[in-house]
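Here the structure comes first, spelled out in structure tokens, and everything after it is commentary.
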Amino acid sequence: MRHFVRLGLMIGFVVAARSAIAACPTPPTCASLDNPIYLQVGDTQVNLMKALGRKLRDNTAKPITLVFLTSGSCANIDLMYHHNPATGITANMQYVPSIAEDATWQQSSATCACTPPANLFPDIGNSALFNSACTTEAPPATVNLTIGPRQAYVMAMPRGTNETAITFEEAYFVFGFGPTMLASMTAAIEPWTDEAQLWIRTNTKSTLLAWAANISVPAASWHGTKLDGSAMVVSALQTSTNPGAAIGILGVEVYDGLRATLTSLAFRAAHQYAAYYPDSTATSRDKKNVRDGHYTVWSPTVWMDNVTGGVPDKPDARYVIDLIAGHVVTPAPNFDANVVVAKVGLVPDCAMRVTRTFEGGPLSLYKPPTSCTCAYENAVDVSTCTTCTTTCTTGVCRDGYCEEF
Amino acid sequence: MRALIFATLALAFAACGGDDGAKKDAGVVMDAPPGGPDASCFTNPTTHEEIINACTTAQKIYKSSHPALLNSDGSLPPLP
């Protein structure tokens, strides 16, 4: 009987796999897709690209296909600012199917591939941190910058380890001196005592640069194995031969999708009394500590598009950026972009109450033009706000909640 | 008085780790000491240090960590 069940499961997997493959055609030309907008984004933004891409394929008033490629934030800035490399994008790009093309597609499903046109430069470039962390150069007049949702970064370990927190000082020594040198100075910091178990990113990646700015260790000075992609860090942690000592750096939205196998460490910043998770607890998803400043390792996502005389070269590219940034757009989409942003682990501007002006810089209080804290909390967790239909005793009735302002 | 209790606890933890002669830091995670850091959390924060130490209902993890290479005044030595 067990064999039959196993056989049935195997057949099920094969059928599912075949149907998943069948959903993506032989890579078409990207230009043949419906209203393509070309993006080059950090690999921490893949979940956003997939979730928003799916919604925009079926955005009745303005259907758009997000055609994207991932690369490091600094490389994306260089491509937008200088068209470097001059060949533009040559590798195959990704997109997600519309409902008509594959009704069963989910965010965890694979993307489809398409071949880019020759000499393609992106309509939108993304940096997952302040551009000034990559270059001190001001953006050229041909590129417009829009500040988007905030993204936190975490230090993660394989799930099952006992460690719950890391301090600014511990991180400084572990990644700035390295376990081998610390051991030679009889100054090991447990449990991070294995030089081969530090999994970090290359110097042009936002994940490393953001952490570098927050622990005062320049990117080039970090100890650890420098990996090109977030997925490689994830794999290294999940398959570690010494999981109790393994530690890696990830964008929080990457981590949020992998909580079953990884655990994030609370972080205690310099001059902070206690360590905090990005969320209010180890298991919640409310990013409360990012929003109010208790978790300090976060960056803005920056979205760049091409302009001439201040006017967008491609209005639909700006439409996409405005959706990501939480701006009002015309025509109104048939979905709530802030909910899409929230559900992939990013924090919309309207839910933030602190800000900063450079990577790792001091926090100051921030009041966005309108608040969406209640709606944000409802999207990611549970809102305790008063619900409303038209008016509130205190605050403003917006999207069914009495928002603070 | 509460601050005194916390200071005593902190000093006790700071003194740990030297028994076997090896300078090793295991970063002991502590429960919130009664009247510890939160006793001086900020209810109306304005500066960076006040914001990161503002009063909150979020889960806090207090960790007594004293890396051996910290300077005697608690500052960090330069990177090698």
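Chain labels A, B, ... are given in the sequence in which chains occur in the structure tokens; within each chain residues are numbered consecutively from 1, and ligands are likewise numbered from 1 in the order shown.
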
Could you make a table, as JSON lines, of the residues of chain A that have an atom within 8 Å of an atom of chain B, each with its nearest atom pair and distance in Å to one decimal, counting only C-alpha atoms, in chain and number order?
```
{"residue": "A:Thr164", "atom": "CA", "partner": "B:Ile61", "partner_atom": "CA", "distance": 7.9}
{"residue": "A:Ala165", "atom": "CA", "partner": "B:Ile61", "partner_atom": "CA", "distance": 7.1}
{"residue": "A:Thr167", "atom": "CA", "partner": "B:Ser65", "partner_atom": "CA", "distance": 7.6}
{"residue": "A:Glu169", "atom": "CA", "partner": "B:Pro67", "partner_atom": "CA", "distance": 7.3}
{"residue": "A:Glu170", "atom": "CA", "partner": "B:Pro67", "partner_atom": "CA", "distance": 6.7}
{"residue": "A:Phe173", "atom": "CA", "partner": "B:Pro67", "partner_atom": "CA", "distance": 8.0}
{"residue": "A:Gly176", "atom": "CA", "partner": "B:Leu79", "partner_atom": "CA", "distance": 6.2}
{"residue": "A:Phe177", "atom": "CA", "partner": "B:Pro80", "partner_atom": "CA", "distance": 6.6}
{"residue": "A:Thr186", "atom": "CA", "partner": "B:Lys23", "partner_atom": "CA", "distance": 5.2}
{"residue": "A:Ala187", "atom": "CA", "partner": "B:Lys23", "partner_atom": "CA", "distance": 4.9}
{"residue": "A:Ala188", "atom": "CA", "partner": "B:Lys24", "partner_atom": "CA", "distance": 5.2}
{"residue": "A:Ile189", "atom": "CA", "partner": "B:Asp25", "partner_atom": "CA", "distance": 4.9}
{"residue": "A:Glu190", "atom": "CA", "partner": "B:Ala26", "partner_atom": "CA", "distance": 4.9}
{"residue": "A:Pro191", "atom": "CA", "partner": "B:Ala26", "partner_atom": "CA", "distance": 7.0}
{"residue": "A:Val217", "atom": "CA", "partner": "B:Leu79", "partner_atom": "CA", "distance": 7.8}
{"residue": "A:Ala266", "atom": "CA", "partner": "B:Ile61", "partner_atom": "CA", "distance": 7.3}
{"residue": "A:His271", "atom": "CA", "partner": "B:Glu49", "partner_atom": "CA", "distance": 6.8}
{"residue": "A:Gln272", "atom": "CA", "partner": "B:Asn53", "partner_atom": "CA", "distance": 6.0}
{"residue": "A:Tyr273", "atom": "CA", "partner": "B:Pro37", "partner_atom": "CA", "distance": 5.9}
{"residue": "A:Ala274", "atom": "CA", "partner": "B:Tyr62", "partner_atom": "CA", "distance": 4.9}
{"residue": "A:Ala275", "atom": "CA", "partner": "B:Ile61", "partner_atom": "CA", "distance": 5.0}
{"residue": "A:Tyr276", "atom": "CA", "partner": "B:Lys60", "partner_atom": "CA", "distance": 5.7}
{"residue": "A:Tyr277", "atom": "CA", "partner": "B:Gln59", "partner_atom": "CA", "distance": 7.8}
{"residue": "A:Asp279", "atom": "CA", "partner": "B:Ala58", "partner_atom": "CA", "distance": 7.9}
{"residue": "A:Ser280", "atom": "CA", "partner": "B:Ala58", "partner_atom": "CA", "distance": 4.4}
{"residue": "A:Thr281", "atom": "CA", "partner": "B:Gln59", "partner_atom": "CA", "distance": 5.2}
{"residue": "A:Ala282", "atom": "CA", "partner": "B:Gln59", "partner_atom": "CA", "distance": 7.8}
{"residue": "A:Lys288", "atom": "CA", "partner": "B:Ala58", "partner_atom": "CA", "distance": 7.9}
{"residue": "A:Asn289", "atom": "CA", "partner": "B:Ala58", "partner_atom": "CA", "distance": 7.5}
{"residue": "A:Asp292", "atom": "CA", "partner": "B:Ile51", "partner_atom": "CA", "distance": 7.6}
{"residue": "A:Gly293", "atom": "CA", "partner": "B:Ile52", "partner_atom": "CA", "distance": 5.6}
{"residue": "A:His294", "atom": "CA", "partner": "B:Ile52", "partner_atom": "CA", "distance": 4.6}
{"residue": "A:Tyr295", "atom": "CA", "partner": "B:Ile52", "partner_atom": "CA", "distance": 7.5}
{"residue": "A:Thr296", "atom": "CA", "partner": "B:Ile52", "partner_atom": "CA", "distance": 7.7}
{"residue": "A:Pro362", "atom": "CA", "partner": "B:His48", "partner_atom": "CA", "distance": 5.6}
{"residue": "A:Leu363", "atom": "CA", "partner": "B:His48", "partner_atom": "CA", "distance": 5.0}
{"residue": "A:Ser364", "atom": "CA", "partner": "B:His48", "partner_atom": "CA", "distance": 6.0}
{"residue": "A:Leu365", "atom": "CA", "partner": "B:Thr46", "partner_atom": "CA", "distance": 6.6}
```

Contact residues around region 225-238 of chain A with only C-alpha atoms at 9 Å, ignoring same-chain residues under 2 positions, as an NGL selection string: :A and (43-44 or 71-72 or 156-159 or 195-203 or 205 or 207 or 222-223 or 240-241 or 243 or 246-251 or 254-255 or 258 or 261-262)

One number please: CA of Ala351 (chain A) to CA of Asn338 (chain A), in Å, one decimal. 9.8 Å
